[in-house]
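File shown: model_4.pdb. Contents: PDB, C-alpha atoms.
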```
ATOM      1  CA  MET A   6       0.000   0.000   0.000  1.00  0.00           C
ATOM      2  CA  ASP A   7       2.939   2.332   0.579  1.00  0.00           C
ATOM      3  CA  ALA A   8       3.944   1.879  -3.052  1.00  0.00           C
ATOM      4  CA  LEU A   9       0.404   2.574  -4.191  1.00  0.00           C
ATOM      5  CA  GLY A  10       0.344   5.669  -2.020  1.00  0.00           C
ATOM      6  CA  LEU A  11       3.398   6.813  -3.893  1.00  0.00           C
ATOM      7  CA  LEU A  12       1.649   5.882  -7.072  1.00  0.00           C
ATOM      8  CA  GLY A  13      -1.394   7.737  -5.876  1.00  0.00           C
ATOM      9  CA  ARG A  14       0.432  10.722  -7.020  1.00  0.00           C
ATOM     10  CA  VAL A  15       1.526   8.224  -9.570  1.00  0.00           C
ATOM     11  CA  CYS A  16      -1.984   8.337 -10.841  1.00  0.00           C
ATOM     12  CA  ARG A  17      -0.546  11.402 -12.555  1.00  0.00           C
ATOM     13  CA  LEU A  18       2.223   9.284 -14.003  1.00  0.00           C
ATOM     14  CA  GLY A  19       0.536   8.022 -17.083  1.00  0.00           C
ATOM     15  CA  HIS A  20      -1.613  10.894 -18.217  1.00  0.00           C
ATOM     16  CA  PHE A  21      -1.964  10.168 -21.934  1.00  0.00           C
ATOM     17  CA  CYS A  22      -4.475  12.628 -23.361  1.00  0.00           C
ATOM     18  CA  ARG A  23      -6.537  12.090 -26.467  1.00  0.00           C
ATOM     19  CA  ARG A  24      -8.019  14.820 -28.575  1.00  0.00           C
ATOM     20  CA  SER A  25     -11.644  14.102 -29.294  1.00  0.00           C
ATOM     21  CA  THR A  26     -12.634  13.224 -32.843  1.00  0.00           C
ATOM     22  CA  ALA A  27     -16.184  14.439 -32.238  1.00  0.00           C
ATOM     23  CA  THR A  28     -17.790  16.628 -34.877  1.00  0.00           C
ATOM     24  CA  PRO A  29     -17.118  20.293 -34.068  1.00  0.00           C
ATOM     25  CA  PRO A  30     -20.081  22.293 -32.773  1.00  0.00           C
ATOM     26  CA  PRO A  31     -22.224  24.038 -35.380  1.00  0.00           C
ATOM     27  CA  PRO A  32     -21.566  27.732 -36.014  1.00  0.00           C
ATOM     28  CA  SER A  33     -23.427  30.156 -33.810  1.00  0.00           C
ATOM     29  CA  PRO A  34     -26.821  31.044 -35.287  1.00  0.00           C
ATOM     30  CA  ARG A  35     -27.245  34.428 -36.851  1.00  0.00           C
ATOM     31  CA  PRO A  36     -29.173  37.024 -34.847  1.00  0.00           C
ATOM     32  CA  PRO A  37     -32.908  36.550 -35.406  1.00  0.00           C
ATOM     33  CA  PRO A  38     -34.611  38.944 -37.765  1.00  0.00           C
ATOM     34  CA  ARG A  39     -36.504  41.748 -36.157  1.00  0.00           C
ATOM     35  CA  SER A  40     -39.941  43.024 -36.936  1.00  0.00           C
ATOM     36  CA  ASN A  41     -40.651  46.628 -37.675  1.00  0.00           C
ATOM     37  CA  SER A  42     -41.421  47.112 -34.008  1.00  0.00           C
ATOM     38  CA  GLY A  43     -37.878  46.000 -33.065  1.00  0.00           C
ATOM     39  CA  ARG A  44     -38.967  42.760 -31.339  1.00  0.00           C
ATOM     40  CA  ALA A  45     -37.369  39.433 -32.209  1.00  0.00           C
ATOM     41  CA  VAL A  46     -39.400  37.070 -34.347  1.00  0.00           C
ATOM     42  CA  ARG A  47     -40.669  34.199 -32.159  1.00  0.00           C
ATOM     43  CA  ALA A  48     -39.415  31.380 -34.452  1.00  0.00           C
ATOM     44  CA  GLY A  49     -35.931  32.823 -34.454  1.00  0.00           C
ATOM     45  CA  ALA A  50     -35.910  32.942 -30.664  1.00  0.00           C
ATOM     46  CA  ARG A  51     -36.844  29.239 -30.492  1.00  0.00           C
ATOM     47  CA  ALA A  52     -33.975  28.321 -32.835  1.00  0.00           C
ATOM     48  CA  THR A  53     -31.481  30.209 -30.685  1.00  0.00           C
ATOM     49  CA  SER A  54     -32.524  28.490 -27.465  1.00  0.00           C
ATOM     50  CA  SER A  55     -32.598  24.962 -28.986  1.00  0.00           C
ATOM     51  CA  SER A  56     -29.017  25.226 -30.304  1.00  0.00           C
ATOM     52  CA  ALA A  57     -27.485  26.081 -26.920  1.00  0.00           C
ATOM     53  CA  PRO A  58     -27.585  22.546 -25.407  1.00  0.00           C
ATOM     54  CA  GLN A  59     -26.004  21.082 -28.565  1.00  0.00           C
ATOM     55  CA  ALA A  60     -23.077  23.491 -28.383  1.00  0.00           C
ATOM     56  CA  MET A  61     -22.555  22.729 -24.697  1.00  0.00           C
ATOM     57  CA  GLY A  62     -22.598  18.974 -25.394  1.00  0.00           C
ATOM     58  CA  ALA A  63     -20.039  19.337 -28.172  1.00  0.00           C
ATOM     59  CA  LYS A  64     -17.800  21.341 -25.830  1.00  0.00           C
ATOM     60  CA  ARG A  65     -17.910  18.544 -23.244  1.00  0.00           C
ATOM     61  CA  GLU A  66     -16.944  15.974 -25.901  1.00  0.00           C
ATOM     62  CA  GLU A  67     -13.836  17.980 -26.804  1.00  0.00           C
ATOM     63  CA  GLU A  68     -12.324  17.550 -23.341  1.00  0.00           C
ATOM     64  CA  PRO A  69      -9.279  15.201 -23.369  1.00  0.00           C
ATOM     65  CA  ARG A  70      -9.588  11.698 -21.987  1.00  0.00           C
ATOM     66  CA  VAL A  71      -7.120  10.904 -19.192  1.00  0.00           C
ATOM     67  CA  VAL A  72      -5.746   7.377 -18.815  1.00  0.00           C
ATOM     68  CA  THR A  73      -3.879   6.269 -15.678  1.00  0.00           C
ATOM     69  CA  LEU A  74      -0.899   3.951 -16.180  1.00  0.00           C
ATOM     70  CA  ARG A  75       0.996   2.180 -13.407  1.00  0.00           C
ATOM     71  CA  PRO A  76       4.753   1.859 -13.971  1.00  0.00           C
ATOM     72  CA  VAL A  77       6.501  -1.471 -14.497  1.00  0.00           C
ATOM     73  CA  GLU A  78      10.121  -1.981 -13.434  1.00  0.00           C
ATOM     74  CA  ALA A  79      12.372  -1.980 -16.483  1.00  0.00           C
ATOM     75  CA  THR A  80      14.209  -5.314 -16.767  1.00  0.00           C
ATOM     76  CA  PRO A  81      15.826  -6.985 -19.800  1.00  0.00           C
ATOM     77  CA  GLU A  82      12.746  -9.211 -20.063  1.00  0.00           C
ATOM     78  CA  SER A  83       9.975  -6.640 -19.489  1.00  0.00           C
ATOM     79  CA  PHE A  84      11.529  -4.007 -21.753  1.00  0.00           C
ATOM     80  CA  ALA A  85      12.515  -6.367 -24.599  1.00  0.00           C
ATOM     81  CA  PRO A  86       9.746  -5.301 -27.045  1.00  0.00           C
ATOM     82  CA  PHE A  87      10.969  -1.704 -26.843  1.00  0.00           C
ATOM     83  CA  GLY A  88      14.745  -2.005 -26.462  1.00  0.00           C
ATOM     84  CA  GLN A  89      17.348  -3.119 -23.942  1.00  0.00           C
ATOM     85  CA  VAL A  90      18.124  -2.496 -20.290  1.00  0.00           C
ATOM     86  CA  ILE A  91      21.881  -2.256 -19.850  1.00  0.00           C
ATOM     87  CA  ALA A  92      23.475  -2.711 -16.420  1.00  0.00           C
ATOM     88  CA  ALA A  93      27.099  -2.838 -15.254  1.00  0.00           C
ATOM     89  CA  SER A  94      29.329  -5.669 -16.462  1.00  0.00           C
ATOM     90  CA  PRO A  95      32.821  -6.671 -15.292  1.00  0.00           C
ATOM     91  CA  ASP A  96      35.822  -4.932 -16.805  1.00  0.00           C
ATOM     92  CA  GLY A  97      37.248  -7.062 -19.592  1.00  0.00           C
ATOM     93  CA  ASP A  98      33.961  -8.788 -20.314  1.00  0.00           C
ATOM     94  CA  GLN A  99      33.611  -9.703 -23.990  1.00  0.00           C
ATOM     95  CA  PHE A 100      31.018  -8.059 -26.221  1.00  0.00           C
ATOM     96  CA  GLY A 101      27.781 -10.034 -26.355  1.00  0.00           C
ATOM     97  CA  PRO A 102      23.995  -9.862 -26.533  1.00  0.00           C
ATOM     98  CA  HIS A 103      23.855  -8.297 -23.053  1.00  0.00           C
ATOM     99  CA  ASP A 104      25.570  -5.191 -24.475  1.00  0.00           C
ATOM    100  CA  ALA A 105      23.707  -2.410 -26.266  1.00  0.00           C
ATOM    101  CA  GLN A 106      23.140  -3.401 -29.888  1.00  0.00           C
ATOM    102  CA  LEU A 107      23.563  -0.025 -31.543  1.00  0.00           C
ATOM    103  CA  ASP A 108      22.853   1.368 -34.997  1.00  0.00           C
ATOM    104  CA  LEU A 109      24.540   4.750 -35.416  1.00  0.00           C
ATOM    105  CA  SER A 110      25.230   4.289 -39.126  1.00  0.00           C
ATOM    106  CA  ARG A 111      22.884   6.937 -40.494  1.00  0.00           C
ATOM    107  CA  GLY A 112      24.622  10.025 -39.215  1.00  0.00           C
ATOM    108  CA  ILE A 113      27.201  11.483 -36.868  1.00  0.00           C
ATOM    109  CA  PRO A 114      26.884  10.030 -33.336  1.00  0.00           C
ATOM    110  CA  ARG A 115      26.267  12.572 -30.588  1.00  0.00           C
ATOM    111  CA  PHE A 116      26.978  11.637 -26.951  1.00  0.00           C
ATOM    112  CA  TYR A 117      26.220  14.391 -24.442  1.00  0.00           C
ATOM    113  CA  ILE A 118      24.848  15.232 -21.012  1.00  0.00           C
ATOM    114  CA  MET A 119      21.264  16.465 -21.208  1.00  0.00           C
ATOM    115  CA  ARG A 120      19.880  18.504 -18.307  1.00  0.00           C
ATOM    116  CA  LEU A 121      16.114  18.247 -17.890  1.00  0.00           C
ATOM    117  CA  GLU A 122      14.044  20.326 -15.487  1.00  0.00           C
ATOM    118  CA  SER A 123      10.432  20.082 -14.303  1.00  0.00           C
ATOM    119  CA  ARG A 124       9.365  16.866 -16.036  1.00  0.00           C
ATOM    120  CA  PRO A 125       6.388  15.761 -13.892  1.00  0.00           C
ATOM    121  CA  LEU A 126       4.833  12.321 -14.160  1.00  0.00           C
ATOM    122  CA  LYS A 127       2.386  12.973 -16.979  1.00  0.00           C
ATOM    123  CA  PHE A 128       2.476  13.293 -20.753  1.00  0.00           C
ATOM    124  CA  SER A 129       0.141  14.070 -23.643  1.00  0.00           C
ATOM    125  CA  SER A 130       2.312  13.293 -26.689  1.00  0.00           C
ATOM    126  CA  ILE A 131       4.762  10.599 -27.739  1.00  0.00           C
ATOM    127  CA  THR A 132       7.748  10.588 -30.122  1.00  0.00           C
ATOM    128  CA  HIS A 133       9.860   8.203 -32.182  1.00  0.00           C
ATOM    129  CA  HIS A 134      13.254   8.370 -33.903  1.00  0.00           C
ATOM    130  CA  ALA A 135      13.481   6.270 -37.065  1.00  0.00           C
ATOM    131  CA  SER A 136      17.222   6.515 -37.751  1.00  0.00           C
ATOM    132  CA  VAL A 137      18.959   5.752 -34.458  1.00  0.00           C
ATOM    133  CA  THR A 138      18.998   3.433 -31.463  1.00  0.00           C
ATOM    134  CA  GLN A 139      18.872   6.117 -28.776  1.00  0.00           C
ATOM    135  CA  CYS A 140      20.354   5.452 -25.319  1.00  0.00           C
ATOM    136  CA  LEU A 141      19.258   7.263 -22.146  1.00  0.00           C
ATOM    137  CA  GLY A 142      20.399   6.986 -18.524  1.00  0.00           C
ATOM    138  CA  SER A 143      20.320   9.214 -15.465  1.00  0.00           C
ATOM    139  CA  ILE A 144      23.635  10.347 -14.032  1.00  0.00           C
ATOM    140  CA  GLY A 145      23.917   9.146 -10.455  1.00  0.00           C
ATOM    141  CA  GLY A 146      21.333   6.404 -10.926  1.00  0.00           C
ATOM    142  CA  GLN A 147      18.302   8.478  -9.923  1.00  0.00           C
ATOM    143  CA  ASP A 148      14.952   6.828 -10.586  1.00  0.00           C
ATOM    144  CA  TRP A 149      13.114   7.988 -13.684  1.00  0.00           C
ATOM    145  CA  TYR A 150      10.197   6.950 -15.878  1.00  0.00           C
ATOM    146  CA  LEU A 151       9.567   6.518 -19.587  1.00  0.00           C
ATOM    147  CA  GLY A 152       6.306   5.997 -21.460  1.00  0.00           C
ATOM    148  CA  VAL A 153       6.742   3.714 -24.480  1.00  0.00           C
ATOM    149  CA  ALA A 154       4.911   1.941 -27.302  1.00  0.00           C
ATOM    150  CA  LYS A 155       6.255  -0.584 -29.798  1.00  0.00           C
ATOM    151  CA  PRO A 156       7.861   0.638 -33.031  1.00  0.00           C
ATOM    152  CA  SER A 157       5.380   0.960 -35.884  1.00  0.00           C
ATOM    153  CA  ILE A 158       7.547   1.994 -38.845  1.00  0.00           C
ATOM    154  CA  LEU A 159       6.366   0.513 -42.157  1.00  0.00           C
ATOM    155  CA  ASP A 160       8.358  -0.610 -45.176  1.00  0.00           C
ATOM    156  CA  GLY A 161       6.014   1.263 -47.494  1.00  0.00           C
ATOM    157  CA  ALA A 162       2.802   3.234 -47.650  1.00  0.00           C
ATOM    158  CA  THR A 163       0.721   0.196 -48.622  1.00  0.00           C
ATOM    159  CA  GLU A 164       1.761  -1.972 -45.677  1.00  0.00           C
ATOM    160  CA  GLN A 165      -0.956  -2.193 -43.061  1.00  0.00           C
ATOM    161  CA  SER A 166      -1.120  -3.642 -39.578  1.00  0.00           C
ATOM    162  CA  GLY A 167      -4.301  -4.233 -37.661  1.00  0.00           C
ATOM    163  CA  GLY A 168      -6.342  -2.110 -40.030  1.00  0.00           C
ATOM    164  CA  GLY A 169      -4.439   1.099 -39.255  1.00  0.00           C
ATOM    165  CA  THR A 170      -3.799   3.860 -41.756  1.00  0.00           C
ATOM    166  CA  ALA A 171      -0.213   4.709 -42.644  1.00  0.00           C
ATOM    167  CA  VAL A 172       1.109   8.208 -42.016  1.00  0.00           C
ATOM    168  CA  GLN A 173       4.108   9.665 -43.842  1.00  0.00           C
ATOM    169  CA  SER A 174       6.628  11.534 -41.704  1.00  0.00           C
ATOM    170  CA  ARG A 175       8.378  14.704 -42.752  1.00  0.00           C
ATOM    171  CA  ALA A 176      11.527  12.563 -43.181  1.00  0.00           C
ATOM    172  CA  GLY A 177       9.727  10.408 -45.752  1.00  0.00           C
ATOM    173  CA  HIS A 178       9.158   7.111 -43.917  1.00  0.00           C
ATOM    174  CA  PHE A 179       5.722   5.703 -43.157  1.00  0.00           C
ATOM    175  CA  TYR A 180       4.407   4.588 -39.774  1.00  0.00           C
ATOM    176  CA  LEU A 181       1.224   3.608 -37.993  1.00  0.00           C
ATOM    177  CA  PRO A 182       0.130   5.990 -35.224  1.00  0.00           C
ATOM    178  CA  PRO A 183       0.535   4.424 -31.766  1.00  0.00           C
ATOM    179  CA  ASP A 184      -2.566   3.042 -30.077  1.00  0.00           C
ATOM    180  CA  PRO A 185      -3.023   4.801 -26.693  1.00  0.00           C
ATOM    181  CA  SER A 186      -4.258   1.504 -25.223  1.00  0.00           C
ATOM    182  CA  GLU A 187      -0.840  -0.050 -25.939  1.00  0.00           C
ATOM    183  CA  VAL A 188       1.232   2.678 -24.269  1.00  0.00           C
ATOM    184  CA  CYS A 189       2.915   1.579 -21.029  1.00  0.00           C
ATOM    185  CA  VAL A 190       5.255   3.207 -18.511  1.00  0.00           C
ATOM    186  CA  PHE A 191       8.537   1.847 -17.152  1.00  0.00           C
ATOM    187  CA  ARG A 192      10.482   2.843 -14.057  1.00  0.00           C
ATOM    188  CA  VAL A 193      14.273   2.792 -14.377  1.00  0.00           C
ATOM    189  CA  SER A 194      15.972   2.340 -11.002  1.00  0.00           C
ATOM    190  CA  GLY A 195      19.642   2.468 -10.159  1.00  0.00           C
ATOM    191  CA  PRO A 196      22.789   2.620 -12.328  1.00  0.00           C
ATOM    192  CA  LYS A 197      21.478   1.347 -15.661  1.00  0.00           C
ATOM    193  CA  PHE A 198      20.401   2.814 -18.966  1.00  0.00           C
ATOM    194  CA  LEU A 199      17.881   2.097 -21.712  1.00  0.00           C
ATOM    195  CA  LYS A 200      18.627   1.478 -25.356  1.00  0.00           C
ATOM    196  CA  LEU A 201      15.574   2.103 -27.514  1.00  0.00           C
ATOM    197  CA  HIS A 202      14.970   0.150 -30.693  1.00  0.00           C
ATOM    198  CA  ALA A 203      14.831   2.412 -33.731  1.00  0.00           C
ATOM    199  CA  GLY A 204      11.263   3.649 -34.023  1.00  0.00           C
ATOM    200  CA  THR A 205      10.230   2.939 -30.421  1.00  0.00           C
ATOM    201  CA  TRP A 206       7.653   5.500 -29.329  1.00  0.00           C
ATOM    202  CA  HIS A 207       8.667   7.209 -26.099  1.00  0.00           C
ATOM    203  CA  ALA A 208       7.534   9.999 -23.778  1.00  0.00           C
ATOM    204  CA  GLY A 209      10.033  11.284 -21.252  1.00  0.00           C
ATOM    205  CA  PRO A 210      12.303  10.974 -19.376  1.00  0.00           C
ATOM    206  CA  LEU A 211       9.985  11.891 -16.482  1.00  0.00           C
ATOM    207  CA  PHE A 212      10.981  12.191 -12.817  1.00  0.00           C
ATOM    208  CA  LYS A 213       9.961  13.529  -9.416  1.00  0.00           C
ATOM    209  CA  ALA A 214      13.036  15.668  -8.737  1.00  0.00           C
ATOM    210  CA  ASP A 215      13.286  19.297  -9.827  1.00  0.00           C
ATOM    211  CA  ALA A 216      16.051  18.499 -12.328  1.00  0.00           C
ATOM    212  CA  VAL A 217      18.031  15.458 -13.463  1.00  0.00           C
ATOM    213  CA  ASP A 218      21.055  15.133 -15.764  1.00  0.00           C
ATOM    214  CA  PHE A 219      20.939  12.339 -18.356  1.00  0.00           C
ATOM    215  CA  TYR A 220      23.553  10.999 -20.687  1.00  0.00           C
ATOM    216  CA  ASN A 221      22.082  10.738 -24.156  1.00  0.00           C
ATOM    217  CA  LEU A 222      23.427   8.894 -27.202  1.00  0.00           C
ATOM    218  CA  GLU A 223      21.740   9.711 -30.493  1.00  0.00           C
ATOM    219  CA  LEU A 224      22.735  11.372 -33.787  1.00  0.00           C
ATOM    220  CA  SER A 225      23.763  14.972 -34.329  1.00  0.00           C
ATOM    221  CA  ASN A 226      20.545  15.710 -36.250  1.00  0.00           C
ATOM    222  CA  THR A 227      18.090  13.574 -34.242  1.00  0.00           C
ATOM    223  CA  ASN A 228      16.282  16.549 -32.720  1.00  0.00           C
ATOM    224  CA  VAL A 229      16.308  18.440 -36.022  1.00  0.00           C
ATOM    225  CA  SER A 230      15.069  15.976 -38.642  1.00  0.00           C
ATOM    226  CA  ASP A 231      14.276  12.685 -36.877  1.00  0.00           C
ATOM    227  CA  CYS A 232      11.920  13.696 -34.073  1.00  0.00           C
ATOM    228  CA  HIS A 233       8.406  12.562 -35.015  1.00  0.00           C
ATOM    229  CA  CYS A 234       5.743  13.436 -32.478  1.00  0.00           C
ATOM    230  CA  TRP A 235       2.179  12.124 -32.254  1.00  0.00           C
ATOM    231  CA  LEU A 236      -0.722  13.571 -30.279  1.00  0.00           C
ATOM    232  CA  GLU A 237      -4.029  11.755 -30.750  1.00  0.00           C
TER     233      GLU A 237
END
```

Show me this structure written as structure tokens.
Amino acid sequence: MDALGLLGRVCRLGHFCRRSTATPPPPSPRPPPRSNSGRAVRAGARATSSSAPQAMGAKREEEPRVVTLRPVEATPESFAPFGQVIAASPDGDQFGPHDAQLDLSRGIPRFYIMRLESRPLKFSSITHHASVTQCLGSIGGQDWYLGVAKPSILDGATEQSGGGTAVQSRAGHFYLPPDPSEVCVFRVSGPKFLKLHAGTWHAGPLFKADAVDFYNLELSNTNVSDCHCWLE
């Protein structure tokens, strides 16, 4: 129950908002015609009053839907569909499948320390990078959180999956928009980092502290031409 109490604020952790696809409210009716005496025509007054509840209902439908997600501890097994969890290994250990399997071949690698401030436990959009296997880890091993969904990059515009409709990015590749019901949140604890598969949708890093420094491995142009955001 203590953990759930922590996650009670954690109820804010997985705020994934959806924009409503409801039909927009009809335009406001024109002012009713007036008689020579300056009084409104009765029929016009009835039309004005009957349209008010419809507009109010449409406004309520436009409010975003909030979904609460409970975090799962990131382990090599739990995070496998989205990437890798990399922990410390002994000095001199040979390269193997437990190491980060990187693809930095499509640009100039950029490894830097990224300072993030005020990243509360909620999000309303999600992003993917198609050209790099990004790596993220907090300096000092502070706990942090990441919302993720499986990669959905397509080989071509005609490829479909689950009846979805392909979207073309500004970089030229096609992808299926992520399904909000398939978004999950992971907690990263201790001295480890995440390697994201190319195309993995992610929101974060998120954390409870005021500011956290992260080391970040990506490409020099990732944030310029390979940052594809989706807000449903």

One residue among A:Leu74, A:Leu107, A:Leu126, A:Leu181 is nearest to Glu223 (chain A) when using only C-alpha atoms, and that residue is A:Leu107

The distance between CA of Glu187 (chain A) and CA of Thr132 (chain A) is 14.3 Å

Can you list what the PyMOL selection byres ((chain A and resi 108) around 9) grabs from this structure, as a list in words?
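Against this file, the PyMOL selection byres ((chain A and resi 108) around 9) returns the residues Gln106, Leu107, Leu109, Ser110, Arg111, Ser136, Val137, Thr138, Gln139 and Ala203 of chain A.
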
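With distances restricted to all atoms listed in the file, A:Pro81 is the closest residue to Pro102 (chain A) from A:Pro114, A:Pro81, A:Gly195, A:Gly177.
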
Can you list, as an MDAnalysis selection string, the residues that the PyMOL selection byres ((chain A and resi 91-99) around 10) selects here?
chainID A and resid 80:81 88:90 100:105 140 142 195:200

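If only C-alpha atoms are the atoms counted, then among A:Trp206, A:Phe179, A:Phe87, A:Trp149 the closest residue to Ser194 (chain A) is A:Trp149.
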
I'd like the interatomic distance between CA of Ala135 (chain A) and CA of Lys213 (chain A), to a tenth of an Å.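 Calculated distance between CA of Ala135 (chain A) and CA of Lys213 (chain A) is 28.8 Å.
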
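Nearest residue to Ser157 (chain A), choosing from A:Pro210, A:Pro182, A:Gly145, A:Gly112 and counting only C-alpha atoms: A:Pro182.
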
With all atoms listed in the file as the counted atoms, please give the residues lying no more than 7 Å from Gly209 (chain A), apart from itself and same-chain residues fewer than 3 positions off, as a CSV table (one decimal) with C-alpha atoms, in the frame of the given file.
```csv
chain,number,residue,atom,x,y,z
A,150,TYR,CA,10.2,7.0,-15.9
A,151,LEU,CA,9.6,6.5,-19.6
A,152,GLY,CA,6.3,6.0,-21.5
```

Protein and nucleic acid residues near (22.2, 15.7, -20.8) (cut-off 10 Å, only C-alpha atoms) as a list in words: Phe116, Tyr117, Ile118, Met119, Arg120, Leu121, Leu141, Gly142, Ser143, Ile144, Val217, Asp218, Phe219, Tyr220, Asn221 and Leu222 of chain A

Shortest contact to Pro86 (chain A), candidates A:Lys155, A:His178, A:Cys232, A:Phe191, atoms counted all atoms listed in the file, goes to A:Lys155

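Each of A:Asn228, A:Val153, A:Arg124, A:Arg70 was checked against Phe84 (chain A) using only C-alpha atoms; the smallest atom-to-atom distance is that of A:Val153.
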
Between CA of Arg115 (chain A) and CA of Ser225 (chain A) - distance in Å to one decimal:
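The value is 5.1 Å.
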
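When the PyMOL selection byres ((chain A and resi 175) around 9) is evaluated on the file shown here, the picked residues come out as Gln173, Ser174, Ala176, Gly177, His178, Ser230, Asp231 and His233 of chain A.
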
Centre, edges in Å (one decimal): axis-aligned box, region 138-149 of chain A, 4 Å padding on all six sides, as lines of an AutoDock Vina configuration file:
```
center_x = 18.5
center_y = 6.9
center_z = -20.7
size_x = 18.8
size_y = 14.9
size_z = 29.5
```

Missing atoms in region 74-85 of chain A should be modelled up to N, CA, C and O atoms and reported as a compact mmCIF listing (two decimals), in the coordinates of the input.
```
# COMPACT_ATOMS: atom_id res chain seq x y z
N LEU A 74 -1.78 5.09 -15.93
CA LEU A 74 -0.90 3.95 -16.18
C LEU A 74 0.00 3.73 -14.97
O LEU A 74 0.60 4.68 -14.47
N ARG A 75 0.09 2.50 -14.51
CA ARG A 75 1.00 2.18 -13.41
C ARG A 75 2.34 1.72 -13.97
O ARG A 75 2.39 0.91 -14.89
N PRO A 76 3.44 2.20 -13.41
CA PRO A 76 4.75 1.86 -13.97
C PRO A 76 5.16 0.42 -13.68
O PRO A 76 4.81 -0.15 -12.66
N VAL A 77 5.91 -0.14 -14.62
CA VAL A 77 6.50 -1.47 -14.50
C VAL A 77 8.02 -1.29 -14.40
O VAL A 77 8.59 -0.44 -15.10
N GLU A 78 8.66 -2.07 -13.54
CA GLU A 78 10.12 -1.98 -13.43
C GLU A 78 10.76 -2.44 -14.74
O GLU A 78 10.42 -3.50 -15.29
N ALA A 79 11.69 -1.64 -15.24
CA ALA A 79 12.37 -1.98 -16.48
C ALA A 79 13.43 -3.06 -16.23
O ALA A 79 14.39 -2.84 -15.49
N THR A 80 13.25 -4.22 -16.83
CA THR A 80 14.21 -5.31 -16.77
C THR A 80 14.50 -5.75 -18.20
O THR A 80 13.74 -5.41 -19.13
N PRO A 81 15.57 -6.51 -18.43
CA PRO A 81 15.83 -6.98 -19.80
C PRO A 81 14.63 -7.73 -20.40
O PRO A 81 14.39 -7.64 -21.61
N GLU A 82 13.88 -8.44 -19.56
CA GLU A 82 12.75 -9.21 -20.06
C GLU A 82 11.53 -8.31 -20.31
O GLU A 82 10.90 -8.39 -21.37
N SER A 83 11.19 -7.45 -19.35
CA SER A 83 9.98 -6.64 -19.49
C SER A 83 10.11 -5.58 -20.57
O SER A 83 9.12 -5.21 -21.22
N PHE A 84 11.33 -5.10 -20.80
CA PHE A 84 11.53 -4.01 -21.75
C PHE A 84 11.90 -4.50 -23.15
O PHE A 84 12.06 -3.70 -24.07
N ALA A 85 12.02 -5.80 -23.34
CA ALA A 85 12.52 -6.37 -24.60
C ALA A 85 11.76 -5.91 -25.84
O ALA A 85 12.38 -5.68 -26.89
```
